[in-house]
Protein chains: 2
Amino acid sequence: MPNQQASPLDRVFHGLADPTRRAVLNRLSSGPAAVSELANPFPMSLPAFLQHLDVLEECGLVKSRKTGRVRTYQLTPKPLKAAEGWLEQQRSLWSRRLDQLDTYLSDLKEQKP
Amino acid sequence: MPNQQASPLDRVFHGLADPTRRAVLNRLSSGPAAVSELANPFPMSLPAFLQHLDVLEECGLVKSRKTGRVRTYQLTPKPLKAAEGWLEQQRSLWSRRLDQLDTYLSDLKEQKP
DNA sequence: CGTATAGTTAACCGTGTGCCTAACCAACAG
DNA sequence: CTGTTGGTTAGGCACACGGTTAACTATACG
């Protein structure tokens with residue numbers, strides 16, 4: 001995936017496709033935190049962890065501000081709403097199909113023991 | 001991201017982090033379809049497209065069955081529910097924080113013209 | 001049979017991702 | 001000023017990802 005012009009949705013889902021980053025978001029959901037505080041629970045090196053924070057910031061899921069020598073991160077919920085919107089929209093389409101799939105699925109099950 | 005033991009959530013989000021794959025899911029939401037029919041709208045080569053289908057199938061978002069020489073793909077909504085569940089859970093945490101963030105955010109805005 | 005059609009596999013290639021170590025600022029603390 | 005703390009930058013490495021072309025298999029058709 002070239003960095004050139006990936007859609008926001010692409011970037012958000014990619015941002016979410018990593019347990020470290022999701023954990024960061026999760027932790028961040030209970031309030032802003034500094035880099036080292038965020039990095040603390042993770043066994044990786046600090047530069048490696050910083051890359052994750054960069055990814056999160058580039059896809060707009062978090063913002064940061066540096067005061068003194070401490071950089072504080074906080075959430076930005078807008079792009080996540082986009083992701084959720086897409087999912088919800090898809091789910092509604094899917095579930096509308098579920099009844100029709102039902103027969104198909106049970107058919108599949110029987111033919112693939 | 002090593003393939004070794006990526007969590008289902010990892011794989012689903014990664015599966016969704018590509019416009020081609022999302023488009024496939026979208027198209028698939030209006031009913032099962034064969035490989036070439038799915039591949040038709042996309043400008044890439046068929047093997048490249050097949051890789052996308054493989055990704056979707058490996059993360060459980062779709063299933064396929066081959067009858068004759070035609071492989072038909074169809075949706076599997078379970079893993080998407082997991083993704084949606086995570087998002088919804090996060091959003092609830094986030095929005096609970098939004099009021100507190102509000103002050104913080106407007107503060108940020110003013111300090112970053 | 002022979003040939004077209006639908007997928008599949010194999011080999012390769014450029015770029016991105018995720019991690020590391022080491023070196024490097026910048027801001028306090030004393 | 002000196003040292004420590006909190007981040008950051010640089011460089012490198014292994015591998016996954018997304019794409020290609022070419023060759024191959026297997027079903028359908030006539």
# chains A, B, ... in the order shown; residues from 1 in each chain; ligands from 1
$ residues_around --residues "DG7 of chain C" --least-positions-apart "2" --cutoff "9 Å" --atoms "only C-alpha atoms (C1' of nucleotides)" --output "list of chain:residue names"
B:Val35, B:Ser36, B:Arg69, B:Val70, B:Arg71, D:DT25, D:DA26
$ residues_around --residues "DC19 of chain C" --least-positions-apart "3" --cutoff "12 Å" --atoms "only C-alpha atoms (C1' of nucleotides)" --output "PyMOL selection string"
(chain A and resi 43-52) or (chain B and resi 1-2) or (chain D and resi 12-15)
$ atom_distance --atom1 "atom C1' of DC24 of chain C" --atom2 "atom C1' of DG3 of chain D"
15.8 Å
$ atom_distance --atom1 "atom CA of Glu84 of chain A" --atom2 "atom CA of Leu87 of chain B"
6.6 Å
$ closest_atom_pairs --of "chain D" --to "chain A" --cutoff "8 Å" --atoms "only C-alpha atoms (C1' of nucleotides)" --output "CSV"
residue,atom,partner,partner_atom,distance
D:DG6,C1',A:Arg69,CA,6.0
D:DG7,C1',A:Arg69,CA,7.3
D:DC17,C1',A:Met1,CA,7.0
D:DG18,C1',A:Met1,CA,6.4
$ select_by_dssp --residues "chain A" --states "alpha helix (DSSP H)" --output "number ranges by chain"
A: 8-16, 19-28, 35-39, 46-58, 78-111
$ closest_atom_pairs --of "chain B" --to "chain A" --cutoff "10 Å" --atoms "only C-alpha atoms" --output "JSON lines"
{"residue": "B:Met1", "atom": "CA", "partner": "A:Asp18", "partner_atom": "CA", "distance": 8.1}
{"residue": "B:Ala6", "atom": "CA", "partner": "A:Asp18", "partner_atom": "CA", "distance": 8.7}
{"residue": "B:Ser7", "atom": "CA", "partner": "A:Pro19", "partner_atom": "CA", "distance": 8.0}
{"residue": "B:Pro8", "atom": "CA", "partner": "A:Ala17", "partner_atom": "CA", "distance": 9.7}
{"residue": "B:Leu9", "atom": "CA", "partner": "A:Ala17", "partner_atom": "CA", "distance": 7.1}
{"residue": "B:Asp10", "atom": "CA", "partner": "A:Ala17", "partner_atom": "CA", "distance": 4.5}
{"residue": "B:Arg11", "atom": "CA", "partner": "A:Ala17", "partner_atom": "CA", "distance": 6.8}
{"residue": "B:Val12", "atom": "CA", "partner": "A:Ala17", "partner_atom": "CA", "distance": 7.5}
{"residue": "B:Phe13", "atom": "CA", "partner": "A:Ala17", "partner_atom": "CA", "distance": 4.8}
{"residue": "B:His14", "atom": "CA", "partner": "A:Ala17", "partner_atom": "CA", "distance": 5.1}
{"residue": "B:Gly15", "atom": "CA", "partner": "A:Phe13", "partner_atom": "CA", "distance": 8.5}
{"residue": "B:Leu16", "atom": "CA", "partner": "A:Phe13", "partner_atom": "CA", "distance": 6.2}
{"residue": "B:Ala17", "atom": "CA", "partner": "A:Asp10", "partner_atom": "CA", "distance": 4.5}
{"residue": "B:Asp18", "atom": "CA", "partner": "A:Asp10", "partner_atom": "CA", "distance": 5.6}
{"residue": "B:Pro19", "atom": "CA", "partner": "A:Asp10", "partner_atom": "CA", "distance": 6.7}
{"residue": "B:Arg22", "atom": "CA", "partner": "A:Asp10", "partner_atom": "CA", "distance": 9.3}
{"residue": "B:Leu25", "atom": "CA", "partner": "A:Gln90", "partner_atom": "CA", "distance": 8.2}
{"residue": "B:Asn26", "atom": "CA", "partner": "A:Gln90", "partner_atom": "CA", "distance": 6.9}
{"residue": "B:Leu28", "atom": "CA", "partner": "A:Trp94", "partner_atom": "CA", "distance": 8.7}
{"residue": "B:Ser29", "atom": "CA", "partner": "A:Trp94", "partner_atom": "CA", "distance": 5.4}
{"residue": "B:Ser30", "atom": "CA", "partner": "A:Arg97", "partner_atom": "CA", "distance": 7.1}
{"residue": "B:Gly31", "atom": "CA", "partner": "A:Arg97", "partner_atom": "CA", "distance": 7.3}
{"residue": "B:Pro32", "atom": "CA", "partner": "A:Leu101", "partner_atom": "CA", "distance": 8.7}
{"residue": "B:Lys63", "atom": "CA", "partner": "A:Leu108", "partner_atom": "CA", "distance": 9.3}
{"residue": "B:Ser64", "atom": "CA", "partner": "A:Leu108", "partner_atom": "CA", "distance": 9.1}
{"residue": "B:Arg65", "atom": "CA", "partner": "A:Leu108", "partner_atom": "CA", "distance": 7.8}
{"residue": "B:Gln74", "atom": "CA", "partner": "A:Leu101", "partner_atom": "CA", "distance": 8.2}
{"residue": "B:Leu75", "atom": "CA", "partner": "A:Trp94", "partner_atom": "CA", "distance": 7.8}
{"residue": "B:Thr76", "atom": "CA", "partner": "A:Trp94", "partner_atom": "CA", "distance": 8.9}
{"residue": "B:Pro77", "atom": "CA", "partner": "A:Trp94", "partner_atom": "CA", "distance": 7.2}
{"residue": "B:Leu80", "atom": "CA", "partner": "A:Leu87", "partner_atom": "CA", "distance": 7.8}
{"residue": "B:Lys81", "atom": "CA", "partner": "A:Arg91", "partner_atom": "CA", "distance": 8.2}
{"residue": "B:Ala83", "atom": "CA", "partner": "A:Leu87", "partner_atom": "CA", "distance": 8.3}
{"residue": "B:Glu84", "atom": "CA", "partner": "A:Leu87", "partner_atom": "CA", "distance": 6.6}
{"residue": "B:Gly85", "atom": "CA", "partner": "A:Glu84", "partner_atom": "CA", "distance": 9.8}
{"residue": "B:Trp86", "atom": "CA", "partner": "A:Arg22", "partner_atom": "CA", "distance": 9.5}
{"residue": "B:Leu87", "atom": "CA", "partner": "A:Glu84", "partner_atom": "CA", "distance": 6.6}
{"residue": "B:Glu88", "atom": "CA", "partner": "A:Glu84", "partner_atom": "CA", "distance": 7.6}
{"residue": "B:Gln89", "atom": "CA", "partner": "A:Asn26", "partner_atom": "CA", "distance": 9.6}
{"residue": "B:Gln90", "atom": "CA", "partner": "A:Asn26", "partner_atom": "CA", "distance": 6.9}
{"residue": "B:Arg91", "atom": "CA", "partner": "A:Pro77", "partner_atom": "CA", "distance": 7.8}
{"residue": "B:Ser92", "atom": "CA", "partner": "A:Ser29", "partner_atom": "CA", "distance": 9.4}
{"residue": "B:Leu93", "atom": "CA", "partner": "A:Ser29", "partner_atom": "CA", "distance": 6.0}
{"residue": "B:Trp94", "atom": "CA", "partner": "A:Ser29", "partner_atom": "CA", "distance": 5.4}
{"residue": "B:Ser95", "atom": "CA", "partner": "A:Pro77", "partner_atom": "CA", "distance": 8.2}
{"residue": "B:Arg96", "atom": "CA", "partner": "A:Ser29", "partner_atom": "CA", "distance": 8.7}
{"residue": "B:Arg97", "atom": "CA", "partner": "A:Ser29", "partner_atom": "CA", "distance": 7.0}
{"residue": "B:Leu98", "atom": "CA", "partner": "A:Pro77", "partner_atom": "CA", "distance": 8.7}
{"residue": "B:Gln100", "atom": "CA", "partner": "A:Gly31", "partner_atom": "CA", "distance": 8.6}
{"residue": "B:Leu101", "atom": "CA", "partner": "A:Gly31", "partner_atom": "CA", "distance": 8.2}
{"residue": "B:Tyr104", "atom": "CA", "partner": "A:Gln74", "partner_atom": "CA", "distance": 9.1}
{"residue": "B:Leu105", "atom": "CA", "partner": "A:Gln74", "partner_atom": "CA", "distance": 9.1}
{"residue": "B:Leu108", "atom": "CA", "partner": "A:Arg65", "partner_atom": "CA", "distance": 8.1}
{"residue": "B:Gln111", "atom": "CA", "partner": "A:Arg65", "partner_atom": "CA", "distance": 9.7}
{"residue": "B:Lys112", "atom": "CA", "partner": "A:Arg65", "partner_atom": "CA", "distance": 9.3}
$ select_by_dssp --residues "chain A" --states "strand (DSSP E)" --output "PyMOL selection string"
chain A and resi 33-34+62-67+70-75
$ write_last_selection --atoms "N, CA and C atoms" --output "short mmCIF file (atom, residue, chain, number, x, y, z; two decimals), in the first residue's frame"
data_model
loop_
_atom_site.label_atom_id
_atom_site.label_comp_id
_atom_site.auth_asym_id
_atom_site.auth_seq_id
_atom_site.Cartn_x
_atom_site.Cartn_y
_atom_site.Cartn_z
N ALA A 33 -2.34 11.19 28.04
CA ALA A 33 -1.17 10.63 28.70
C ALA A 33 0.09 11.00 27.92
N ALA A 34 1.20 10.98 28.61
CA ALA A 34 2.48 11.30 27.98
C ALA A 34 3.07 10.07 27.30
N VAL A 62 -5.41 10.30 17.03
CA VAL A 62 -4.95 11.02 18.22
C VAL A 62 -4.30 12.33 17.81
N LYS A 63 -4.18 13.22 18.77
CA LYS A 63 -3.41 14.43 18.59
C LYS A 63 -2.44 14.55 19.74
N SER A 64 -1.39 15.32 19.53
CA SER A 64 -0.42 15.46 20.60
C SER A 64 0.00 16.92 20.74
N ARG A 65 0.44 17.24 21.93
CA ARG A 65 0.97 18.57 22.19
C ARG A 65 2.18 18.43 23.08
N LYS A 66 3.17 19.21 22.80
CA LYS A 66 4.38 19.12 23.60
C LYS A 66 4.48 20.34 24.51
N THR A 67 4.53 20.08 25.77
CA THR A 67 4.72 21.17 26.73
C THR A 67 5.97 20.83 27.53
N VAL A 70 7.73 17.19 27.66
CA VAL A 70 6.76 16.10 27.72
C VAL A 70 5.72 16.25 26.62
N ARG A 71 5.55 15.22 25.82
CA ARG A 71 4.52 15.24 24.79
C ARG A 71 3.29 14.46 25.27
N THR A 72 2.18 15.14 25.24
CA THR A 72 0.95 14.54 25.74
C THR A 72 0.03 14.17 24.58
N TYR A 73 -0.48 12.96 24.63
CA TYR A 73 -1.39 12.49 23.58
C TYR A 73 -2.82 12.43 24.08
N GLN A 74 -3.73 12.69 23.13
CA GLN A 74 -5.14 12.59 23.47
C GLN A 74 -5.91 12.11 22.24
N LEU A 75 -7.11 11.65 22.48
CA LEU A 75 -7.90 11.05 21.41
C LEU A 75 -8.52 12.09 20.49
#
$ decode --residues "segment 34-56 of chain A" --atoms "N, CA, C and O atoms" --output "PDB file, in the first residue's frame"
ATOM      1  N   ALA A  34       1.204  10.975  28.611  1.00  0.00           N
ATOM      2  CA  ALA A  34       2.481  11.302  27.982  1.00  0.00           C
ATOM      3  C   ALA A  34       3.067  10.072  27.301  1.00  0.00           C
ATOM      4  O   ALA A  34       2.604   8.944  27.525  1.00  0.00           O
ATOM      5  N   VAL A  35       4.080  10.303  26.482  1.00  0.00           N
ATOM      6  CA  VAL A  35       4.698   9.229  25.715  1.00  0.00           C
ATOM      7  C   VAL A  35       5.173   8.091  26.600  1.00  0.00           C
ATOM      8  O   VAL A  35       4.776   6.932  26.433  1.00  0.00           O
ATOM      9  N   SER A  36       6.016   8.419  27.555  1.00  0.00           N
ATOM     10  CA  SER A  36       6.621   7.363  28.371  1.00  0.00           C
ATOM     11  C   SER A  36       5.564   6.630  29.194  1.00  0.00           C
ATOM     12  O   SER A  36       5.658   5.419  29.385  1.00  0.00           O
ATOM     13  N   GLU A  37       4.575   7.368  29.608  1.00  0.00           N
ATOM     14  CA  GLU A  37       3.500   6.722  30.362  1.00  0.00           C
ATOM     15  C   GLU A  37       2.760   5.736  29.478  1.00  0.00           C
ATOM     16  O   GLU A  37       2.397   4.642  29.908  1.00  0.00           O
ATOM     17  N   LEU A  38       2.557   6.131  28.229  1.00  0.00           N
ATOM     18  CA  LEU A  38       1.879   5.243  27.292  1.00  0.00           C
ATOM     19  C   LEU A  38       2.753   4.042  26.941  1.00  0.00           C
ATOM     20  O   LEU A  38       2.269   2.917  26.819  1.00  0.00           O
ATOM     21  N   ALA A  39       4.046   4.318  26.775  1.00  0.00           N
ATOM     22  CA  ALA A  39       4.955   3.269  26.328  1.00  0.00           C
ATOM     23  C   ALA A  39       5.235   2.247  27.416  1.00  0.00           C
ATOM     24  O   ALA A  39       5.579   1.097  27.120  1.00  0.00           O
ATOM     25  N   ASN A  40       5.064   2.665  28.638  1.00  0.00           N
ATOM     26  CA  ASN A  40       5.459   1.841  29.772  1.00  0.00           C
ATOM     27  C   ASN A  40       4.981   0.379  29.719  1.00  0.00           C
ATOM     28  O   ASN A  40       5.778  -0.525  29.914  1.00  0.00           O
ATOM     29  N   PRO A  41       3.688   0.121  29.442  1.00  0.00           N
ATOM     30  CA  PRO A  41       3.235  -1.275  29.502  1.00  0.00           C
ATOM     31  C   PRO A  41       3.797  -2.167  28.405  1.00  0.00           C
ATOM     32  O   PRO A  41       3.665  -3.386  28.481  1.00  0.00           O
ATOM     33  N   PHE A  42       4.419  -1.587  27.390  1.00  0.00           N
ATOM     34  CA  PHE A  42       4.804  -2.394  26.241  1.00  0.00           C
ATOM     35  C   PHE A  42       6.286  -2.751  26.266  1.00  0.00           C
ATOM     36  O   PHE A  42       7.115  -1.921  26.636  1.00  0.00           O
ATOM     37  N   PRO A  43       6.578  -3.961  25.872  1.00  0.00           N
ATOM     38  CA  PRO A  43       7.942  -4.472  25.989  1.00  0.00           C
ATOM     39  C   PRO A  43       8.885  -3.971  24.904  1.00  0.00           C
ATOM     40  O   PRO A  43      10.054  -4.282  24.922  1.00  0.00           O
ATOM     41  N   MET A  44       8.381  -3.226  23.956  1.00  0.00           N
ATOM     42  CA  MET A  44       9.247  -2.836  22.845  1.00  0.00           C
ATOM     43  C   MET A  44      10.058  -1.589  23.163  1.00  0.00           C
ATOM     44  O   MET A  44       9.847  -0.919  24.179  1.00  0.00           O
ATOM     45  N   SER A  45      10.987  -1.283  22.271  1.00  0.00           N
ATOM     46  CA  SER A  45      11.821  -0.100  22.464  1.00  0.00           C
ATOM     47  C   SER A  45      10.996   1.161  22.254  1.00  0.00           C
ATOM     48  O   SER A  45       9.939   1.129  21.619  1.00  0.00           O
ATOM     49  N   LEU A  46      11.487   2.248  22.778  1.00  0.00           N
ATOM     50  CA  LEU A  46      10.736   3.497  22.678  1.00  0.00           C
ATOM     51  C   LEU A  46      10.602   3.995  21.242  1.00  0.00           C
ATOM     52  O   LEU A  46       9.504   4.417  20.858  1.00  0.00           O
ATOM     53  N   PRO A  47      11.638   3.963  20.441  1.00  0.00           N
ATOM     54  CA  PRO A  47      11.460   4.379  19.049  1.00  0.00           C
ATOM     55  C   PRO A  47      10.414   3.546  18.318  1.00  0.00           C
ATOM     56  O   PRO A  47       9.593   4.097  17.570  1.00  0.00           O
ATOM     57  N   ALA A  48      10.431   2.249  18.544  1.00  0.00           N
ATOM     58  CA  ALA A  48       9.426   1.390  17.918  1.00  0.00           C
ATOM     59  C   ALA A  48       8.031   1.827  18.347  1.00  0.00           C
ATOM     60  O   ALA A  48       7.119   1.940  17.520  1.00  0.00           O
ATOM     61  N   PHE A  49       7.896   2.098  19.621  1.00  0.00           N
ATOM     62  CA  PHE A  49       6.597   2.518  20.115  1.00  0.00           C
ATOM     63  C   PHE A  49       6.197   3.864  19.529  1.00  0.00           C
ATOM     64  O   PHE A  49       5.027   4.078  19.181  1.00  0.00           O
ATOM     65  N   LEU A  50       7.168   4.740  19.371  1.00  0.00           N
ATOM     66  CA  LEU A  50       6.886   6.052  18.788  1.00  0.00           C
ATOM     67  C   LEU A  50       6.294   5.924  17.390  1.00  0.00           C
ATOM     68  O   LEU A  50       5.417   6.696  17.006  1.00  0.00           O
ATOM     69  N   GLN A  51       6.775   4.962  16.641  1.00  0.00           N
ATOM     70  CA  GLN A  51       6.229   4.760  15.298  1.00  0.00           C
ATOM     71  C   GLN A  51       4.734   4.480  15.355  1.00  0.00           C
ATOM     72  O   GLN A  51       3.964   4.988  14.540  1.00  0.00           O
ATOM     73  N   HIS A  52       4.352   3.677  16.340  1.00  0.00           N
ATOM     74  CA  HIS A  52       2.921   3.401  16.493  1.00  0.00           C
ATOM     75  C   HIS A  52       2.151   4.687  16.782  1.00  0.00           C
ATOM     76  O   HIS A  52       1.089   4.925  16.213  1.00  0.00           O
ATOM     77  N   LEU A  53       2.709   5.501  17.663  1.00  0.00           N
ATOM     78  CA  LEU A  53       2.048   6.770  17.957  1.00  0.00           C
ATOM     79  C   LEU A  53       1.963   7.634  16.698  1.00  0.00           C
ATOM     80  O   LEU A  53       0.963   8.312  16.460  1.00  0.00           O
ATOM     81  N   ASP A  54       3.020   7.590  15.893  1.00  0.00           N
ATOM     82  CA  ASP A  54       3.003   8.357  14.643  1.00  0.00           C
ATOM     83  C   ASP A  54       1.875   7.880  13.735  1.00  0.00           C
ATOM     84  O   ASP A  54       1.147   8.701  13.145  1.00  0.00           O
ATOM     85  N   VAL A  55       1.761   6.562  13.620  1.00  0.00           N
ATOM     86  CA  VAL A  55       0.693   6.018  12.784  1.00  0.00           C
ATOM     87  C   VAL A  55      -0.664   6.514  13.274  1.00  0.00           C
ATOM     88  O   VAL A  55      -1.489   6.993  12.493  1.00  0.00           O
ATOM     89  N   LEU A  56      -0.859   6.424  14.580  1.00  0.00           N
ATOM     90  CA  LEU A  56      -2.137   6.857  15.149  1.00  0.00           C
ATOM     91  C   LEU A  56      -2.390   8.332  14.879  1.00  0.00           C
ATOM     92  O   LEU A  56      -3.523   8.742  14.615  1.00  0.00           O
TER      93      LEU A  56
END
